[in-house]
>>> print(open('upload_8.txt').read())   # compact mmCIF, C-alpha atoms
# COMPACT_ATOMS: atom_id res chain seq x y z
CA GLU X 1 92.94 96.45 123.35
CA ASP X 2 92.26 97.66 119.81
CA GLN X 3 94.92 99.99 118.44
CA VAL X 4 95.38 102.07 115.30
CA THR X 5 98.61 103.73 114.16
CA GLN X 6 98.68 106.06 111.20
CA SER X 7 101.71 107.21 109.26
CA PRO X 8 103.03 109.62 108.32
CA GLU X 9 101.69 112.21 110.77
CA ALA X 10 101.90 114.85 108.06
CA LEU X 11 102.42 114.73 104.32
CA ARG X 12 103.01 117.52 101.84
CA LEU X 13 102.42 116.85 98.15
CA GLN X 14 102.48 118.87 95.01
CA GLU X 15 99.31 118.91 92.98
CA GLY X 16 99.31 115.78 90.82
CA GLU X 17 101.87 113.93 92.96
CA SER X 18 100.34 110.59 93.97
CA SER X 19 101.07 108.98 97.34
CA SER X 20 99.71 106.64 100.00
CA LEU X 21 98.73 106.93 103.65
CA ASN X 22 99.20 103.98 105.99
CA CYS X 23 96.99 102.67 108.78
CA SER X 24 98.30 99.77 110.88
CA TYR X 25 95.91 98.11 113.28
CA THR X 26 95.54 95.44 115.90
CA VAL X 27 92.02 94.34 116.71
CA SER X 28 90.29 91.26 117.98
CA GLY X 29 87.64 90.28 115.47
CA LEU X 30 87.63 93.02 112.85
CA ARG X 31 84.10 94.05 111.94
CA GLY X 32 85.15 96.98 109.82
CA LEU X 33 87.94 99.42 109.02
CA PHE X 34 86.85 102.96 108.28
CA TRP X 35 88.41 105.95 106.59
CA TYR X 36 87.23 109.47 107.35
CA ARG X 37 88.24 112.89 106.13
CA GLN X 38 88.28 115.79 108.58
CA ASP X 39 88.58 119.47 107.70
CA PRO X 40 89.76 121.94 110.37
CA GLY X 41 87.11 122.63 113.00
CA LYS X 42 84.62 120.23 111.43
CA GLY X 43 83.37 116.75 112.16
CA PRO X 44 84.87 113.70 110.42
CA GLU X 45 83.25 112.87 107.09
CA PHE X 46 82.83 109.21 106.19
CA LEU X 47 84.75 107.95 103.15
CA PHE X 48 84.95 104.14 103.13
CA THR X 49 84.28 100.96 105.06
CA LEU X 50 86.39 97.86 104.39
CA TYR X 51 85.36 94.55 105.90
CA SER X 52 87.88 91.91 104.89
CA ALA X 53 91.44 91.50 103.65
CA GLY X 54 91.76 91.98 99.93
CA GLU X 55 88.85 94.38 99.70
CA GLU X 56 89.29 97.65 97.80
CA LYS X 57 87.05 100.69 97.44
CA GLU X 58 87.39 103.79 95.29
CA LYS X 59 85.95 107.25 95.29
CA GLU X 60 87.19 109.87 92.85
CA ARG X 61 90.95 110.22 93.47
CA LEU X 62 90.92 108.02 96.57
CA LYS X 63 91.34 104.26 96.79
CA ALA X 64 91.38 102.28 100.04
CA THR X 65 92.82 98.80 100.40
CA LEU X 66 92.92 96.35 103.30
CA THR X 67 95.22 93.55 104.44
CA LYS X 68 95.12 91.58 107.68
CA LYS X 69 97.39 94.09 109.42
CA GLU X 70 97.06 97.38 107.61
CA SER X 71 95.12 99.58 105.26
CA PHE X 72 96.32 102.06 102.68
CA LEU X 73 94.61 105.13 101.36
CA HIS X 74 96.03 105.84 97.92
CA ILE X 75 95.62 109.34 96.56
CA THR X 76 96.03 109.65 92.81
CA ALA X 77 96.84 113.02 91.22
CA PRO X 78 95.69 114.98 94.28
CA LYS X 79 94.28 118.48 94.10
CA PRO X 80 94.51 121.28 96.70
CA GLU X 81 90.93 120.53 97.76
CA ASP X 82 92.09 117.10 98.95
CA SER X 83 94.00 118.83 101.75
CA ALA X 84 92.58 117.59 105.06
CA THR X 85 93.32 115.22 107.91
CA TYR X 86 92.55 111.60 107.04
CA LEU X 87 91.48 109.39 109.92
CA CYS X 88 91.47 105.62 110.10
CA ALA X 89 89.35 103.70 112.60
CA VAL X 90 88.56 100.09 113.40
CA GLN X 91 85.54 98.40 114.91
CA GLY X 92 86.27 95.16 116.67
CA GLY X 93 84.43 93.12 119.26
CA SER X 94 83.02 96.19 120.98
CA GLU X 95 80.77 98.56 119.09
CA LYS X 96 82.94 101.63 119.45
CA LEU X 97 85.25 102.90 116.74
CA VAL X 98 88.90 103.25 117.77
CA PHE X 99 90.62 106.01 115.82
CA GLY X 100 94.20 106.69 114.88
CA LYS X 101 95.61 110.18 115.30
CA GLY X 102 95.36 110.88 111.59
CA THR X 103 97.54 112.01 108.72
CA LYS X 104 97.44 115.67 107.87
CA LEU X 105 97.66 116.01 104.10
CA THR X 106 98.58 119.27 102.42
CA VAL X 107 98.44 119.51 98.63
CA ASN X 108 100.18 122.55 97.19
CA PRO X 109 99.07 124.01 93.85
CA ASP P 1 74.61 118.81 106.68
CA SER P 2 75.30 115.33 108.07
CA GLY P 3 71.96 115.05 109.83
CA VAL P 4 73.56 114.98 113.29
CA THR P 5 72.96 118.27 115.09
CA GLN P 6 75.13 119.51 117.93
CA THR P 7 74.56 122.62 120.02
CA PRO P 8 76.08 124.93 120.92
CA LYS P 9 78.87 125.23 118.35
CA HIS P 10 81.10 127.20 120.70
CA LEU P 11 81.20 127.45 124.47
CA ILE P 12 83.52 129.51 126.64
CA THR P 13 83.30 129.00 130.36
CA ALA P 14 85.36 129.34 133.53
CA THR P 15 87.10 126.66 135.53
CA GLY P 16 84.86 124.96 138.06
CA GLN P 17 81.70 125.53 136.02
CA ARG P 18 79.28 123.01 134.56
CA VAL P 19 78.09 122.84 130.96
CA THR P 20 75.70 120.71 128.92
CA LEU P 21 76.30 119.74 125.32
CA ARG P 22 73.39 118.56 123.23
CA CYS P 23 73.17 116.17 120.31
CA SER P 24 70.29 115.18 118.05
CA PRO P 25 71.11 112.03 116.08
CA ARG P 26 70.33 111.41 112.43
CA SER P 27 66.72 110.35 111.90
CA GLY P 28 66.36 106.61 112.46
CA ASP P 29 69.70 106.16 114.25
CA LEU P 30 69.37 104.54 117.66
CA SER P 31 72.99 104.74 118.80
CA VAL P 32 74.72 107.90 119.96
CA TYR P 33 78.43 108.13 120.65
CA TRP P 34 80.39 110.94 122.29
CA TYR P 35 84.03 111.61 121.45
CA GLN P 36 86.54 114.15 122.71
CA GLN P 37 89.18 115.51 120.35
CA SER P 38 92.18 117.41 121.60
CA LEU P 39 95.24 118.43 119.60
CA ASP P 40 97.58 115.80 120.97
CA GLN P 41 95.20 112.94 121.68
CA GLY P 42 93.07 112.57 118.60
CA LEU P 43 89.52 111.28 118.85
CA GLN P 44 88.92 109.61 122.21
CA PHE P 45 85.77 107.59 122.82
CA LEU P 46 83.80 108.72 125.86
CA ILE P 47 80.47 106.90 125.97
CA GLN P 48 77.78 105.21 123.86
CA TYR P 49 74.02 105.05 124.27
CA TYR P 50 71.68 102.76 122.40
CA ASN P 51 67.95 103.44 122.43
CA GLY P 52 68.12 105.20 125.76
CA GLU P 53 70.47 102.86 127.58
CA GLU P 54 74.19 103.12 128.23
CA ARG P 55 75.98 100.57 126.04
CA ALA P 56 79.71 101.23 126.41
CA LYS P 57 82.05 103.46 128.34
CA GLY P 58 85.45 104.68 127.36
CA ASN P 59 87.87 106.90 129.21
CA ILE P 60 85.15 109.17 130.53
CA LEU P 61 86.00 111.14 133.65
CA GLU P 62 83.77 110.86 136.71
CA ARG P 63 83.08 114.59 136.35
CA PHE P 64 81.42 113.83 133.01
CA SER P 65 78.06 112.16 132.54
CA ALA P 66 75.63 111.63 129.70
CA GLN P 67 72.14 110.43 128.99
CA GLN P 68 69.91 109.65 126.04
CA PHE P 69 66.28 110.69 126.19
CA PRO P 70 63.15 108.93 124.83
CA ASP P 71 63.26 111.08 121.70
CA LEU P 72 66.85 109.78 121.23
CA HIS P 73 68.61 113.10 121.65
CA SER P 74 71.56 112.97 124.01
CA GLU P 75 73.23 115.34 126.41
CA LEU P 76 76.80 115.30 127.70
CA ASN P 77 77.25 117.03 131.05
CA LEU P 78 80.70 118.27 132.04
CA SER P 79 81.18 119.54 135.58
CA SER P 80 83.96 121.01 137.72
CA LEU P 81 85.61 122.03 134.50
CA GLU P 82 89.38 122.25 134.26
CA LEU P 83 91.60 123.93 131.69
CA GLY P 84 92.48 120.51 130.29
CA ASP P 85 88.87 119.87 129.37
CA SER P 86 89.16 122.38 126.55
CA ALA P 87 88.62 120.39 123.38
CA LEU P 88 86.26 119.63 120.53
CA TYR P 89 83.41 117.36 121.58
CA PHE P 90 81.79 115.34 118.84
CA CYS P 91 78.60 113.39 118.80
CA ALA P 92 78.06 110.64 116.25
CA SER P 93 75.15 108.36 115.49
CA SER P 94 74.60 105.10 113.68
CA VAL P 95 71.63 102.97 112.77
CA ASP P 96 73.07 99.62 113.82
CA PRO P 97 76.61 99.47 115.17
CA LEU P 98 76.77 95.69 114.76
CA LYS P 99 76.60 96.05 110.99
CA GLY P 100 79.87 97.95 110.89
CA ASN P 101 78.46 100.81 108.87
CA GLY P 102 80.45 103.45 110.67
CA TYR P 103 79.18 106.59 112.22
CA THR P 104 77.83 109.92 111.05
CA PHE P 105 79.42 112.77 112.97
CA GLY P 106 78.05 116.13 113.91
CA SER P 107 80.03 119.33 113.47
CA GLY P 108 81.10 119.38 117.11
CA THR P 109 81.06 121.72 120.08
CA ARG P 110 84.27 123.62 120.75
CA LEU P 111 84.66 124.01 124.50
CA THR P 112 87.12 126.53 125.86
CA VAL P 113 87.71 126.61 129.61
CA VAL P 114 89.40 129.78 130.85
>>> encode(input="upload_8.txt", output="structure tokens")
Amino acid sequence: EDQVTQSPEALRLQEGESSSLNCSYTVSGLRGLFWYRQDPGKGPEFLFTLYSAGEEKEKERLKATLTKKESFLHITAPKPEDSATYLCAVQGGSEKLVFGKGTKLTVNP
Amino acid sequence: DSGVTQTPKHLITATGQRVTLRCSPRSGDLSVYWYQQSLDQGLQFLIQYYNGEERAKGNILERFSAQQFPDLHSELNLSSLELGDSALYFCASSVDPLKGNGYTFGSGTRLTVV
């Protein structure tokens, strides 16, 4: 069974303080690893798809990387508007996405 | 606006009742997925439809059912509601799940069972 574990559960940063979120996964036949951002009471918003180990993608202050067992979401010089819950998901042999429970990020000004 | 439309946004109902949640997928997307999100469980996959046919089932209760219509909109029916069914219900759509492009989510329906 595909599984995703995200850590930490919650993270508090000061504005400008860079850090990383971790997503560990087990999946049979990885088709894609996905990062989403979710604001309170809203639907998840797609950020990145990573397909193979060694792949990296960037968007503004966010950079996602992938190894065979885990993915990292690096946040460089975060701003208060980056505060949200970040979700990691994998798609394996089945078509469904299996999500982790997320990391709640708070960036204080 | 993600292009995936869910109605209603909020629903308050009593235990034992039945409700229907509606989802219109993004234009061109053939697959519709339903997820339940509660505070302690995260996003849990319920069911997937592809072009009108059921494609995959997750941990969906027997009291829950869904269908996808010829115009590709989908409905999730929840019956004999219990307090524990209170959650956010999300619909997502994708053009081709086999290409690993991820999903586009709607803004959800918040169900409160009292």
>>> interface_residues(input="upload_8.txt", of="chain P", to="chain X", cutoff="9 Å", atoms="all atoms listed in the file", output="PyMOL selection string")
chain P and resi 2+33+40-45+47-48+55-56+58+88+90-91+97-108+110
>>> atom_distance(input="upload_8.txt", atom1="atom CA of Thr76 of chain X", atom2="atom CA of Ala53 of chain X")
21.6 Å
>>> closest_residue(input="upload_8.txt", among="X:Cys23, X:Val107, X:Cys88, X:Leu66", to="Ser7 of chain X", atoms="only C-alpha atoms")
X:Cys23
>>> axis_aligned_box(input="upload_8.txt", around="segment 68-87 of chain P", padding_each_side="5 Å", output="JSON")
{"center_x": 77.8, "center_y": 116.4, "center_z": 129.5, "size_x": 39.3, "size_y": 25.0, "size_z": 26.5}
>>> residues_near_point(input="upload_8.txt", point="(103.0, 111.9, 109.2)", cutoff="12 Å", atoms="only C-alpha atoms", output="mmCIF file with C-alpha atoms, keeping the file's coordinate frame")
data_model
loop_
_atom_site.group_PDB
_atom_site.id
_atom_site.type_symbol
_atom_site.label_atom_id
_atom_site.label_comp_id
_atom_site.auth_asym_id
_atom_site.auth_seq_id
_atom_site.Cartn_x
_atom_site.Cartn_y
_atom_site.Cartn_z
ATOM 1 C CA THR X 5 98.610 103.730 114.160
ATOM 2 C CA GLN X 6 98.680 106.060 111.200
ATOM 3 C CA SER X 7 101.710 107.210 109.260
ATOM 4 C CA PRO X 8 103.030 109.620 108.320
ATOM 5 C CA GLU X 9 101.690 112.210 110.770
ATOM 6 C CA ALA X 10 101.900 114.850 108.060
ATOM 7 C CA LEU X 11 102.420 114.730 104.320
ATOM 8 C CA ARG X 12 103.010 117.520 101.840
ATOM 9 C CA SER X 20 99.710 106.640 100.000
ATOM 10 C CA LEU X 21 98.730 106.930 103.650
ATOM 11 C CA ASN X 22 99.200 103.980 105.990
ATOM 12 C CA CYS X 23 96.990 102.670 108.780
ATOM 13 C CA THR X 85 93.320 115.220 107.910
ATOM 14 C CA TYR X 86 92.550 111.600 107.040
ATOM 15 C CA LEU X 87 91.480 109.390 109.920
ATOM 16 C CA GLY X 100 94.200 106.690 114.880
ATOM 17 C CA LYS X 101 95.610 110.180 115.300
ATOM 18 C CA GLY X 102 95.360 110.880 111.590
ATOM 19 C CA THR X 103 97.540 112.010 108.720
ATOM 20 C CA LYS X 104 97.440 115.670 107.870
ATOM 21 C CA LEU X 105 97.660 116.010 104.100
ATOM 22 C CA THR X 106 98.580 119.270 102.420
#
>>> residues_around(input="upload_8.txt", residues="Glu15 of chain X", least_positions_apart="3", cutoff="12 Å", atoms="all atoms listed in the file", output="count of residues only")
17
>>> closest_residue(input="upload_8.txt", among="P:Gln37, P:Thr7, P:Asn51, P:Ser94", to="Asp71 of chain P", atoms="only C-alpha atoms")
P:Asn51
>>> atom_distance(input="upload_8.txt", atom1="atom CA of Gly54 of chain X", atom2="atom CA of Ser28 of chain X")
18.1 Å
>>> atom_distance(input="upload_8.txt", atom1="atom CA of Val95 of chain P", atom2="atom CA of Thr109 of chain P")
22.2 Å
>>> build_atoms(input="upload_8.txt", residues="segment 54-65 of chain P", atoms="N, CA and C atoms", output="PDB file, keeping the file's coordinate frame")
ATOM      1  N   GLU P  54      72.746 103.082 128.376  1.00  0.00           N
ATOM      2  CA  GLU P  54      74.190 103.120 128.230  1.00  0.00           C
ATOM      3  C   GLU P  54      74.673 101.770 127.713  1.00  0.00           C
ATOM      4  N   ARG P  55      75.542 101.813 126.681  1.00  0.00           N
ATOM      5  CA  ARG P  55      75.980 100.570 126.040  1.00  0.00           C
ATOM      6  C   ARG P  55      77.471 100.323 126.264  1.00  0.00           C
ATOM      7  N   ALA P  56      78.262 101.384 126.243  1.00  0.00           N
ATOM      8  CA  ALA P  56      79.710 101.230 126.410  1.00  0.00           C
ATOM      9  C   ALA P  56      80.288 102.504 126.970  1.00  0.00           C
ATOM     10  N   LYS P  57      81.347 102.324 127.760  1.00  0.00           N
ATOM     11  CA  LYS P  57      82.050 103.460 128.340  1.00  0.00           C
ATOM     12  C   LYS P  57      83.503 103.418 127.949  1.00  0.00           C
ATOM     13  N   GLY P  58      84.035 104.580 127.640  1.00  0.00           N
ATOM     14  CA  GLY P  58      85.450 104.680 127.360  1.00  0.00           C
ATOM     15  C   GLY P  58      86.144 105.369 128.504  1.00  0.00           C
ATOM     16  N   ASN P  59      87.118 106.208 128.172  1.00  0.00           N
ATOM     17  CA  ASN P  59      87.870 106.900 129.210  1.00  0.00           C
ATOM     18  C   ASN P  59      87.157 108.172 129.661  1.00  0.00           C
ATOM     19  N   ILE P  60      85.933 108.012 130.104  1.00  0.00           N
ATOM     20  CA  ILE P  60      85.150 109.170 130.530  1.00  0.00           C
ATOM     21  C   ILE P  60      85.415 109.461 131.992  1.00  0.00           C
ATOM     22  N   LEU P  61      85.717 110.734 132.288  1.00  0.00           N
ATOM     23  CA  LEU P  61      86.000 111.140 133.650  1.00  0.00           C
ATOM     24  C   LEU P  61      84.737 111.071 134.497  1.00  0.00           C
ATOM     25  N   GLU P  62      84.925 110.906 135.799  1.00  0.00           N
ATOM     26  CA  GLU P  62      83.770 110.860 136.710  1.00  0.00           C
ATOM     27  C   GLU P  62      83.027 112.182 136.736  1.00  0.00           C
ATOM     28  N   ARG P  63      83.715 113.262 136.395  1.00  0.00           N
ATOM     29  CA  ARG P  63      83.080 114.590 136.350  1.00  0.00           C
ATOM     30  C   ARG P  63      82.159 114.743 135.134  1.00  0.00           C
ATOM     31  N   PHE P  64      82.246 113.792 134.219  1.00  0.00           N
ATOM     32  CA  PHE P  64      81.420 113.830 133.010  1.00  0.00           C
ATOM     33  C   PHE P  64      80.313 112.800 133.118  1.00  0.00           C
ATOM     34  N   SER P  65      79.158 113.130 132.586  1.00  0.00           N
ATOM     35  CA  SER P  65      78.060 112.160 132.540  1.00  0.00           C
ATOM     36  C   SER P  65      77.246 112.428 131.290  1.00  0.00           C
TER      37      SER P  65
END
